[in-house]
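Text of the file final-v1.tsv, holding TSV, C-alpha atoms:
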```tsv
chain	number	residue	atom	x	y	z
H	23	MET	CA	-8.08	7.15	8.04
H	24	SER	CA	-7.00	8.29	11.53
H	25	GLU	CA	-3.92	6.18	10.91
H	26	SER	CA	-2.58	8.44	8.20
H	27	ALA	CA	-3.22	11.53	10.33
H	28	LEU	CA	-1.31	9.93	13.20
H	29	LEU	CA	1.59	9.07	10.97
H	30	ASP	CA	1.88	12.53	9.59
H	31	PRO	CA	0.05	14.98	11.86
H	32	ALA	CA	1.91	18.08	10.78
H	33	LYS	CA	1.30	17.66	7.10
H	34	THR	CA	-2.16	16.32	6.44
H	35	GLN	CA	-5.56	17.57	7.61
H	36	VAL	CA	-8.95	15.90	7.90
H	37	PRO	CA	-11.67	17.64	5.87
H	38	GLY	CA	-15.37	17.65	6.79
H	39	LEU	CA	-18.28	16.79	4.51
H	40	SER	CA	-18.91	20.28	3.17
H	41	GLU	CA	-15.20	20.83	2.56
H	42	LEU	CA	-15.08	17.60	0.55
H	43	PHE	CA	-18.12	18.59	-1.47
H	44	PHE	CA	-16.89	22.06	-2.37
H	45	ALA	CA	-13.33	20.93	-3.06
H	46	PHE	CA	-14.50	18.40	-5.65
H	47	LEU	CA	-17.06	20.83	-7.03
H	48	GLY	CA	-14.28	23.36	-7.61
H	49	LEU	CA	-12.16	20.65	-9.19
H	50	ALA	CA	-14.94	19.72	-11.61
H	51	LEU	CA	-15.42	23.30	-12.74
H	52	THR	CA	-11.74	24.16	-13.23
H	53	GLY	CA	-10.87	20.88	-14.84
H	54	PHE	CA	-11.15	21.66	-18.52
H	55	GLY	CA	-9.46	19.06	-20.69
H	56	GLY	CA	-8.72	16.54	-17.95
H	57	VAL	CA	-9.26	16.85	-14.22
H	58	MET	CA	-6.49	14.57	-12.96
H	59	PRO	CA	-3.49	16.99	-12.97
H	60	TRP	CA	-5.61	19.50	-11.02
H	61	ALA	CA	-6.65	16.79	-8.57
H	62	ARG	CA	-3.06	16.19	-7.49
H	63	ARG	CA	-2.43	19.90	-7.08
H	64	MET	CA	-5.53	20.44	-4.97
H	65	LEU	CA	-5.29	17.34	-2.77
H	66	VAL	CA	-1.54	17.33	-2.16
H	67	GLU	CA	-0.27	20.88	-2.56
H	68	GLN	CA	-3.13	23.24	-1.80
H	69	ARG	CA	-5.35	21.51	0.76
H	70	ARG	CA	-2.75	19.06	2.07
H	71	TRP	CA	-5.26	16.32	2.66
H	72	LEU	CA	-2.96	13.68	1.22
H	73	THR	CA	0.78	13.15	1.13
H	74	GLU	CA	2.39	12.55	-2.24
H	75	GLU	CA	2.64	8.82	-1.44
H	76	LYS	CA	-1.00	8.48	-0.36
H	77	PHE	CA	-2.10	10.26	-3.53
H	78	ALA	CA	-0.07	7.89	-5.70
H	79	GLU	CA	-1.59	4.94	-3.84
H	80	ASP	CA	-5.16	6.21	-4.22
H	81	LEU	CA	-4.57	7.00	-7.88
H	82	ALA	CA	-3.29	3.47	-8.50
H	83	LEU	CA	-6.51	2.08	-7.01
H	84	ALA	CA	-8.66	4.47	-9.03
H	85	GLN	CA	-6.90	3.40	-12.22
H	86	PHE	CA	-7.04	-0.29	-11.39
H	87	LEU	CA	-10.83	-0.37	-11.18
H	88	PRO	CA	-13.25	0.22	-14.09
H	89	GLY	CA	-15.01	3.53	-14.60
H	90	PRO	CA	-13.77	7.11	-14.89
H	91	ASN	CA	-10.58	7.32	-12.80
H	92	ILE	CA	-11.33	10.71	-11.32
H	93	ILE	CA	-14.73	9.57	-10.04
H	94	ASN	CA	-13.15	6.52	-8.41
H	95	LEU	CA	-10.55	8.81	-6.85
H	96	SER	CA	-13.23	11.04	-5.34
H	97	VAL	CA	-14.82	7.96	-3.75
H	98	VAL	CA	-11.50	6.76	-2.28
H	99	VAL	CA	-10.60	10.18	-0.87
H	100	GLY	CA	-14.10	10.90	0.45
H	101	ALA	CA	-14.30	7.47	2.10
H	102	ARG	CA	-10.89	7.82	3.72
H	103	PHE	CA	-11.91	10.97	5.61
H	104	GLN	CA	-15.66	10.64	6.17
H	105	GLY	CA	-16.72	7.07	5.41
H	106	PRO	CA	-19.68	6.33	3.09
H	107	MET	CA	-21.14	9.84	3.39
H	108	GLY	CA	-17.77	11.31	2.50
H	109	ALA	CA	-17.58	9.14	-0.60
H	110	LEU	CA	-21.09	10.13	-1.67
H	111	VAL	CA	-20.55	13.83	-1.06
H	112	ALA	CA	-17.18	13.97	-2.86
H	113	CYS	CA	-18.63	12.10	-5.85
H	114	LEU	CA	-21.71	14.35	-6.02
H	115	GLY	CA	-19.50	17.43	-5.78
H	116	LEU	CA	-17.47	16.21	-8.72
H	117	VAL	CA	-20.32	15.03	-10.95
H	118	GLY	CA	-23.30	17.23	-9.99
H	119	ALA	CA	-22.49	20.53	-11.65
H	120	PRO	CA	-21.12	19.06	-14.91
H	121	VAL	CA	-24.22	16.87	-15.21
H	122	VAL	CA	-26.49	19.91	-14.83
H	123	LEU	CA	-24.39	21.77	-17.40
H	124	MET	CA	-24.71	18.81	-19.79
H	125	MET	CA	-28.49	18.80	-19.39
H	126	ILE	CA	-28.54	22.46	-20.44
H	127	CYS	CA	-26.31	21.61	-23.40
H	128	GLY	CA	-28.59	18.67	-24.20
H	129	ALA	CA	-31.66	20.92	-24.24
H	130	LEU	CA	-29.89	23.48	-26.45
H	131	TYR	CA	-28.61	20.75	-28.77
H	132	GLY	CA	-32.07	19.24	-29.07
H	133	ARG	CA	-33.42	22.61	-30.10
H	134	TYR	CA	-30.62	24.03	-32.27
H	135	GLY	CA	-28.48	20.98	-33.10
H	136	GLU	CA	-29.59	20.95	-36.74
H	137	ALA	CA	-29.70	24.74	-37.14
H	138	ALA	CA	-27.45	25.97	-39.95
H	139	TRP	CA	-25.52	28.44	-37.76
H	140	LEU	CA	-24.58	25.69	-35.31
H	141	ARG	CA	-23.58	23.06	-37.88
H	142	GLY	CA	-20.27	24.80	-38.64
H	143	PRO	CA	-18.96	25.14	-35.08
H	144	LEU	CA	-20.12	21.61	-34.22
H	145	ALA	CA	-18.39	20.19	-37.30
H	146	GLY	CA	-15.16	21.92	-36.26
H	147	LEU	CA	-15.54	20.86	-32.65
H	148	SER	CA	-16.17	17.21	-33.44
H	149	ALA	CA	-13.22	17.06	-35.85
H	150	ALA	CA	-10.95	18.46	-33.10
H	151	ALA	CA	-12.45	16.13	-30.45
H	152	ALA	CA	-11.54	13.14	-32.63
H	153	GLY	CA	-8.00	14.54	-32.77
H	154	LEU	CA	-7.85	14.67	-28.96
H	155	VAL	CA	-8.67	10.97	-28.75
H	156	ILE	CA	-6.02	10.15	-31.37
H	157	ALA	CA	-3.43	12.06	-29.30
H	158	MET	CA	-4.50	10.10	-26.23
H	159	VAL	CA	-3.96	6.83	-28.09
H	160	GLY	CA	-0.52	8.04	-29.14
H	161	LYS	CA	0.49	8.85	-25.58
H	162	LEU	CA	-0.77	5.53	-24.23
H	163	ALA	CA	0.76	3.49	-27.04
H	164	ALA	CA	4.19	5.19	-27.15
H	165	PRO	CA	5.70	3.22	-24.21
H	166	MET	CA	4.70	-0.09	-25.82
H	167	PHE	CA	6.43	0.83	-29.04
H	168	ARG	CA	9.48	2.24	-27.25
H	169	ALA	CA	9.85	-1.01	-25.31
H	170	ARG	CA	9.21	-3.00	-28.54
H	171	HIS	CA	6.78	-5.02	-26.50
H	172	LEU	CA	5.39	-7.20	-29.31
H	173	PRO	CA	2.66	-9.07	-27.37
H	174	ALA	CA	1.29	-5.75	-26.06
H	175	ILE	CA	1.24	-4.27	-29.56
H	176	LEU	CA	-0.46	-7.41	-30.85
H	177	PHE	CA	-3.18	-7.28	-28.18
H	178	ALA	CA	-3.78	-3.57	-28.83
H	179	LEU	CA	-4.09	-4.29	-32.54
H	180	LEU	CA	-6.48	-7.21	-31.97
H	181	ALA	CA	-8.69	-5.11	-29.68
H	182	PHE	CA	-8.71	-2.31	-32.27
H	183	LEU	CA	-9.66	-4.60	-35.14
H	184	ALA	CA	-12.25	-6.60	-33.19
H	185	VAL	CA	-14.06	-3.56	-31.81
H	186	GLY	CA	-13.33	-0.85	-34.41
H	187	PHE	CA	-13.67	-2.81	-37.68
H	188	LEU	CA	-15.40	-6.11	-36.99
H	189	ARG	CA	-17.71	-4.35	-34.49
H	190	PHE	CA	-17.83	-7.29	-32.10
H	191	PRO	CA	-19.60	-6.62	-28.76
H	192	LEU	CA	-17.13	-5.24	-26.21
H	193	GLY	CA	-18.06	-7.75	-23.51
H	194	TRP	CA	-17.00	-10.72	-25.65
H	195	VAL	CA	-13.82	-9.05	-26.83
H	196	LEU	CA	-12.82	-8.29	-23.23
H	197	LEU	CA	-13.69	-11.80	-22.10
H	198	VAL	CA	-11.29	-13.26	-24.66
H	199	LEU	CA	-8.48	-10.70	-24.91
H	200	ALA	CA	-8.14	-9.45	-21.32
H	201	PRO	CA	-7.30	-12.83	-19.70
H	202	LEU	CA	-4.86	-13.67	-22.53
H	203	SER	CA	-3.10	-10.32	-22.22
H	204	VAL	CA	-2.95	-10.56	-18.41
H	205	ALA	CA	-1.58	-14.12	-18.71
H	206	VAL	CA	1.23	-12.92	-20.97
H	207	PHE	CA	2.19	-10.18	-18.50
H	208	TRP	CA	1.96	-12.61	-15.59
H	209	TRP	CA	4.31	-14.97	-17.40
H	210	ARG	CA	6.80	-12.17	-18.13
H	211	LEU	CA	6.71	-10.83	-14.56
H	212	ARG	CA	7.53	-14.16	-12.98
G	7	MET	CA	-39.83	8.41	-27.78
G	8	LYS	CA	-39.79	5.91	-30.60
G	9	ASP	CA	-39.66	2.17	-29.94
G	10	ASP	CA	-40.12	0.44	-26.57
G	11	SER	CA	-38.69	2.76	-23.93
G	12	PRO	CA	-35.16	3.58	-25.09
G	13	VAL	CA	-34.57	5.22	-21.69
G	14	SER	CA	-34.72	2.05	-19.62
G	15	ALA	CA	-32.71	0.16	-22.23
G	16	PHE	CA	-30.03	2.86	-22.24
G	17	VAL	CA	-29.93	3.05	-18.44
G	18	LEU	CA	-29.43	-0.70	-18.27
G	19	GLN	CA	-26.68	-0.41	-20.84
G	20	SER	CA	-24.96	2.35	-18.85
G	21	LEU	CA	-24.99	0.07	-15.80
G	22	LEU	CA	-23.17	-2.64	-17.75
G	23	VAL	CA	-20.81	-0.18	-19.40
G	24	SER	CA	-19.84	1.17	-15.97
G	25	LEU	CA	-18.31	-2.15	-15.00
G	26	ILE	CA	-16.47	-2.85	-18.25
G	27	ALA	CA	-15.12	0.69	-18.64
G	28	ILE	CA	-11.50	-0.25	-18.04
G	29	GLY	CA	-9.54	2.82	-19.04
G	30	GLY	CA	-12.55	5.13	-18.62
G	31	VAL	CA	-15.42	6.09	-20.88
G	32	ASN	CA	-13.25	6.62	-23.96
G	33	ALA	CA	-12.64	2.87	-24.08
G	34	VAL	CA	-16.36	2.05	-24.17
G	35	LEU	CA	-17.37	4.57	-26.85
G	36	PRO	CA	-17.29	1.92	-29.61
G	37	GLU	CA	-19.69	-0.24	-27.59
G	38	LEU	CA	-21.97	2.76	-26.94
G	39	HIS	CA	-21.83	3.61	-30.64
G	40	ARG	CA	-22.65	0.02	-31.61
G	41	GLN	CA	-25.72	-0.01	-29.38
G	42	VAL	CA	-26.99	3.54	-29.74
G	43	VAL	CA	-26.23	4.19	-33.43
G	44	GLU	CA	-25.97	0.82	-35.15
G	45	ASN	CA	-28.37	-1.47	-33.27
G	46	HIS	CA	-31.11	0.88	-32.06
G	47	HIS	CA	-30.74	3.90	-34.38
G	48	TRP	CA	-31.44	6.25	-31.47
G	49	LEU	CA	-28.77	8.63	-32.79
G	50	THR	CA	-27.15	9.26	-36.14
G	51	ASP	CA	-23.40	8.97	-36.57
G	52	GLN	CA	-23.19	12.74	-36.70
G	53	GLN	CA	-25.24	13.27	-33.52
G	54	PHE	CA	-23.00	10.80	-31.70
G	55	ALA	CA	-19.87	12.69	-32.79
G	56	ASP	CA	-21.51	16.04	-31.90
G	57	MET	CA	-22.39	14.85	-28.41
G	58	PHE	CA	-18.94	13.48	-27.75
G	59	ALA	CA	-17.48	16.82	-28.91
G	60	ILE	CA	-19.78	18.86	-26.62
G	61	ALA	CA	-18.90	16.62	-23.67
G	62	SER	CA	-15.18	16.99	-24.43
G	63	ALA	CA	-15.40	20.76	-24.47
G	64	ALA	CA	-17.21	20.94	-21.12
G	65	PRO	CA	-15.49	20.90	-17.73
G	66	GLY	CA	-15.70	17.80	-15.56
G	67	PRO	CA	-15.07	14.09	-15.87
G	68	ASN	CA	-15.21	12.52	-19.34
G	69	MET	CA	-18.39	10.51	-18.68
G	70	LEU	CA	-20.69	13.32	-19.68
G	71	VAL	CA	-21.45	11.99	-23.15
G	72	ILE	CA	-23.63	9.45	-21.31
G	73	THR	CA	-25.59	12.30	-19.69
G	74	LEU	CA	-26.13	13.93	-23.09
G	75	ILE	CA	-27.34	10.72	-24.74
G	76	GLY	CA	-29.59	10.13	-21.72
G	77	TRP	CA	-31.07	13.61	-22.14
G	78	HIS	CA	-31.63	13.04	-25.85
G	79	LEU	CA	-33.53	9.80	-25.16
G	80	GLY	CA	-35.54	10.82	-22.12
G	81	GLY	CA	-35.04	14.43	-21.05
G	82	PHE	CA	-34.35	15.15	-17.38
G	83	THR	CA	-35.14	11.64	-16.13
G	84	GLY	CA	-33.08	10.03	-18.87
G	85	ALA	CA	-30.07	12.23	-18.13
G	86	ILE	CA	-30.17	11.71	-14.35
G	87	LEU	CA	-30.83	7.97	-14.48
G	88	SER	CA	-28.15	7.21	-17.06
G	89	SER	CA	-25.59	9.34	-15.16
G	90	ILE	CA	-26.36	7.48	-11.94
G	91	ALA	CA	-26.26	4.15	-13.77
G	92	LEU	CA	-22.81	4.97	-15.08
G	93	CYS	CA	-21.41	6.11	-11.71
G	94	ALA	CA	-23.07	3.88	-9.13
G	95	PRO	CA	-21.63	0.41	-9.91
G	96	THR	CA	-18.05	1.60	-10.26
G	97	CYS	CA	-18.35	3.85	-7.16
G	98	LEU	CA	-19.70	0.98	-5.06
G	99	LEU	CA	-16.94	-1.29	-6.33
G	100	THR	CA	-14.30	1.33	-5.53
G	101	TYR	CA	-15.72	1.82	-2.05
G	102	ALA	CA	-15.71	-1.93	-1.42
G	103	VAL	CA	-12.17	-2.45	-2.72
G	104	ALA	CA	-10.62	0.62	-1.03
G	105	SER	CA	-10.41	-0.97	2.42
G	106	ALA	CA	-8.75	-4.11	1.05
G	107	TRP	CA	-6.38	-2.27	-1.30
G	108	GLU	CA	-3.58	-2.07	1.27
G	109	ARG	CA	-3.41	-5.87	1.33
G	110	PHE	CA	-3.04	-6.54	-2.37
G	111	LYS	CA	-1.69	-3.36	-3.91
G	112	ASP	CA	1.78	-4.90	-4.23
G	113	ALA	CA	0.60	-8.40	-5.15
G	114	PRO	CA	2.09	-9.71	-8.42
G	115	TRP	CA	-1.33	-10.70	-9.78
G	116	ARG	CA	-2.57	-7.13	-9.22
G	117	ILE	CA	0.36	-5.73	-11.20
G	118	ALA	CA	-0.08	-8.32	-13.97
G	119	ILE	CA	-3.80	-7.51	-14.31
G	120	GLN	CA	-3.18	-3.78	-14.52
G	121	ALA	CA	-0.30	-4.11	-16.97
G	122	GLY	CA	-2.18	-6.67	-19.05
G	123	LEU	CA	-5.24	-4.47	-19.42
G	124	VAL	CA	-3.26	-1.52	-20.81
G	125	PRO	CA	-2.74	-2.88	-24.35
G	126	VAL	CA	-6.41	-3.86	-24.64
G	127	THR	CA	-7.43	-0.38	-23.45
G	128	VAL	CA	-5.14	1.23	-26.02
G	129	GLY	CA	-6.79	-0.81	-28.78
G	130	LEU	CA	-10.27	0.15	-27.58
G	131	ILE	CA	-9.49	3.87	-27.40
G	132	ALA	CA	-7.95	3.60	-30.88
G	133	ALA	CA	-11.25	2.12	-32.06
G	134	SER	CA	-13.06	5.11	-30.48
G	135	ALA	CA	-10.73	7.50	-32.29
G	136	TYR	CA	-11.37	5.74	-35.59
G	137	LEU	CA	-15.17	5.84	-35.21
G	138	LEU	CA	-15.20	9.48	-34.11
G	139	ALA	CA	-12.90	10.57	-36.93
G	140	ARG	CA	-14.98	8.65	-39.47
G	141	ALA	CA	-18.13	10.43	-38.31
G	142	ALA	CA	-16.59	13.90	-37.98
G	143	ASP	CA	-14.30	14.11	-40.98
G	144	GLN	CA	-16.54	14.80	-43.94
G	145	ASN	CA	-14.11	16.92	-45.95
G	146	ILE	CA	-10.42	17.60	-46.36
G	147	ILE	CA	-10.38	20.54	-43.94
G	148	ALA	CA	-12.04	18.49	-41.22
G	149	TYR	CA	-9.35	15.83	-41.72
G	150	ALA	CA	-6.73	18.55	-41.36
G	151	VAL	CA	-8.33	19.85	-38.13
G	152	THR	CA	-8.30	16.33	-36.69
G	153	ALA	CA	-4.68	15.76	-37.70
G	154	VAL	CA	-3.39	19.12	-36.43
G	155	THR	CA	-5.25	18.71	-33.11
G	156	ALA	CA	-3.83	15.20	-32.68
G	157	LEU	CA	-0.27	16.36	-33.39
G	158	LEU	CA	-0.52	19.46	-31.16
G	159	CYS	CA	-1.90	17.52	-28.22
G	160	TYR	CA	0.59	14.69	-28.67
G	161	PHE	CA	3.73	16.80	-29.00
G	162	THR	CA	2.94	19.82	-26.81
G	163	ARG	CA	1.37	20.42	-23.40
G	164	ILE	CA	-1.15	22.88	-24.84
G	165	ASN	CA	-4.57	22.98	-23.13
G	166	PRO	CA	-6.91	21.03	-25.46
G	167	LEU	CA	-9.51	23.75	-25.01
G	168	TRP	CA	-7.49	25.98	-27.37
G	169	ALA	CA	-7.66	23.37	-30.12
G	170	LEU	CA	-11.40	22.84	-29.59
G	171	GLY	CA	-12.08	26.60	-29.54
G	172	THR	CA	-10.05	27.28	-32.68
G	173	ALA	CA	-11.73	24.41	-34.52
G	174	ALA	CA	-15.20	25.64	-33.52
G	175	ALA	CA	-14.27	29.15	-34.73
G	176	LEU	CA	-13.03	27.75	-38.06
G	177	GLY	CA	-16.33	25.93	-38.37
G	178	ALA	CA	-18.31	29.05	-37.50
G	179	VAL	CA	-16.78	30.98	-40.39
G	180	GLY	CA	-17.68	28.10	-42.71
G	181	LEU	CA	-14.28	26.49	-43.21
G	182	VAL	CA	-15.01	23.00	-41.86
```
Turn this file's structure into structure tokens for me.
Amino acid sequence: MSESALLDPAKTQVPGLSELFFAFLGLALTGFGGVMPWARRMLVEQRRWLTEEKFAEDLALAQFLPGPNIINLSVVVGARFQGPMGALVACLGLVGAPVVLMMICGALYGRYGEAAWLRGPLAGLSAAAAGLVIAMVGKLAAPMFRARHLPAILFALLAFLAVGFLRFPLGWVLLVLAPLSVAVFWWRLR
Amino acid sequence: MKDDSPVSAFVLQSLLVSLIAIGGVNAVLPELHRQVVENHHWLTDQQFADMFAIASAAPGPNMLVITLIGWHLGGFTGAILSSIALCAPTCLLTYAVASAWERFKDAPWRIAIQAGLVPVTVGLIAASAYLLARAADQNIIAYAVTAVTALLCYFTRINPLWALGTAAALGAVGLV
């Protein structure tokens, strides 16, 4: 909080509540196809609220915890500058407008979702969206294969089979696989 | 609304999903699909894939498929409540952990947990990809669209919006 400003007074600034709200609102609306790269640019380069190191630290926390990373990041950044209200305002800025947009889309989909003229574009869109997720899997999995990390590959495969094919409930799969996978990494790190 | 209040059941489910969404919403899509499509039949396979596609094409964080499903089940109230249910638990947890983060960010157990969860997350997102592709790819051209999009986004830094837009246009002229 004030600590970081004291350490680096020339570089970082302390935003108020409305600044936090509008910054994250802007981020939400420009962030097509992934908000995270834009988040770094806005927070570190444009507004100079965070140093590169602080951003990396906050990002690590956001990724460590469950839930959408960017939402967690908005909470961490908002809380750092303005406490609980800051966290709330940053999160609302980020989520509010997209949620309203989705409600409009939901209403339109409910009305025209089965209409013949919309079936084509939606079929194309959903085929491409599946492709996006496949690419994401590729990017996440590539380091495991490059490192020939066999236990990691095995755990990924088990999670895929258990949830994708056997259709086991996610909670049970996590309860079994996550501790085992963490234990293997713990053992390797020691 | 069909059977006993799908809205409250879905809101409850979003609450739980919020806390097991390691690796974001894409990792919990198979669980959502299992509940919403397979167990409760609130949506068809195709509607689920449609909604994920619409949410992917929109700006903002990738949790919005929850908002869309919430809207489908219970209109305005359903959309708002399920969005809050998805955000609130993880936001509160983040807020609580943020002040203590300094103390354990370099702890070996923290690094082991994070590294250990990655492979499981990869498997879960792969399961999402499989389910979405199975629902979306009804003909050979749809398969091709999925494959080309995957390759483009894996090998280049192209904005995914181009792939989504082109695919929607191909669909509009009746090719998909």
Original post:
Excluding same-chain residues fewer than 5 positions from Arg69 of chain H, what lies within 12 Å of it counting all atoms listed in the file, as an MDAnalysis selection string?
Top reply: chainID H and resid 33:37 41:42 44:46 60:64
Preceding selection exported with C-alpha atoms as a PDB file, keeping the file's coordinate frame:
```
ATOM      1  CA  LYS H  33       1.300  17.660   7.100  1.00  0.00           C
ATOM      2  CA  THR H  34      -2.160  16.320   6.440  1.00  0.00           C
ATOM      3  CA  GLN H  35      -5.560  17.570   7.610  1.00  0.00           C
ATOM      4  CA  VAL H  36      -8.950  15.900   7.900  1.00  0.00           C
ATOM      5  CA  PRO H  37     -11.670  17.640   5.870  1.00  0.00           C
ATOM      6  CA  GLU H  41     -15.200  20.830   2.560  1.00  0.00           C
ATOM      7  CA  LEU H  42     -15.080  17.600   0.550  1.00  0.00           C
ATOM      8  CA  PHE H  44     -16.890  22.060  -2.370  1.00  0.00           C
ATOM      9  CA  ALA H  45     -13.330  20.930  -3.060  1.00  0.00           C
ATOM     10  CA  PHE H  46     -14.500  18.400  -5.650  1.00  0.00           C
ATOM     11  CA  TRP H  60      -5.610  19.500 -11.020  1.00  0.00           C
ATOM     12  CA  ALA H  61      -6.650  16.790  -8.570  1.00  0.00           C
ATOM     13  CA  ARG H  62      -3.060  16.190  -7.490  1.00  0.00           C
ATOM     14  CA  ARG H  63      -2.430  19.900  -7.080  1.00  0.00           C
ATOM     15  CA  MET H  64      -5.530  20.440  -4.970  1.00  0.00           C
TER      16      MET H  64
END
```
**OP:** Would you mind listing what lies within 12 Å of Ile164 of chain G as a list in words, with all atoms listed in the file counted and same-chain residues fewer than 5 positions away left out?
**Re:**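 Surrounding residues, per the criterion: Phe54, Gly55, Leu154 and Ala157 of chain H; Thr155, Ala156, Leu157, Leu158, Cys159, Ala169 and Leu170 of chain G.
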Subject >> Close residues, Leu181 of chain G itself excluded, 8 Å, all atoms listed in the file, min 5 positions apart in chain, as a list in words >> reply: Gly142 of chain H; Ile147 and Leu176 of chain G
Subject >> Proximity to Val128 of chain G - best of H:Pro165, H:Leu72, H:Ala149, H:Ala137, only C-alpha atoms >> reply: H:Pro165
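Distance check against Pro125 of chain G using all atoms listed in the file: of G:Gly76, G:Gly180, G:Gly29, G:Gly81, the minimum falls on G:Gly29.
For the pair atom CA of Val31 of chain G and atom CA of Met69 of chain G, the separation is 5.8 Å.
The protein and nucleic acid residues lying at most 8 Å from segment 107-117 of chain H are Leu39, Ser40, Leu42, Phe43, Phe44, Ala45, Phe46, Leu47, Gly48, Leu49, Ala50, Ile93, Ser96, Val97, Val98, Val99, Gly100, Ala101, Arg102, Phe103 and Val121 of chain H; Gly66, Pro67 and Tyr101 of chain G, with all atoms listed in the file considered and sequence neighbours fewer than 4 positions away removed.
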Original post:
So what do you get for atom CA of Val182 of chain G versus atom CA of Ser148 of chain H, distance-wise?
Top reply: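 Atom CA of Val182 of chain G sits 10.3 Å away from atom CA of Ser148 of chain H.
Atom CA of Gly122 of chain G lies 5.6 Å from atom CA of Phe207 of chain H.
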**OP:** Pick out the residues sitting within 8 Å of Leu123 of chain G, and hand them over as a count of residues only; count only C-alpha atoms, and ignore anything fewer than 3 positions along from it in its own chain.
**Re:** 8
Subject >> Check: which chain H residues lie within 6 Å of chain G using only C-alpha atoms, as a ChimeraX atom specification >> reply: /H:50-51,53-55,88-90,94,120,128,142-143,146-157,159,174,177-179,181-182,186,192,203-204,207-208
Original post:
So which one's closest to Trp209 of chain H, H:Gly105, H:Ala184, H:Ala129, H:Pro173? Using all atoms listed in the file, please.
Top reply: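 Closest to Trp209 of chain H of all the choices is H:Pro173.
Considering the residues G:Leu79, G:Ala106, G:Val43, G:Leu49 and counting only C-alpha atoms, Phe16 of chain G has its shortest atom-to-atom contact with G:Leu79.
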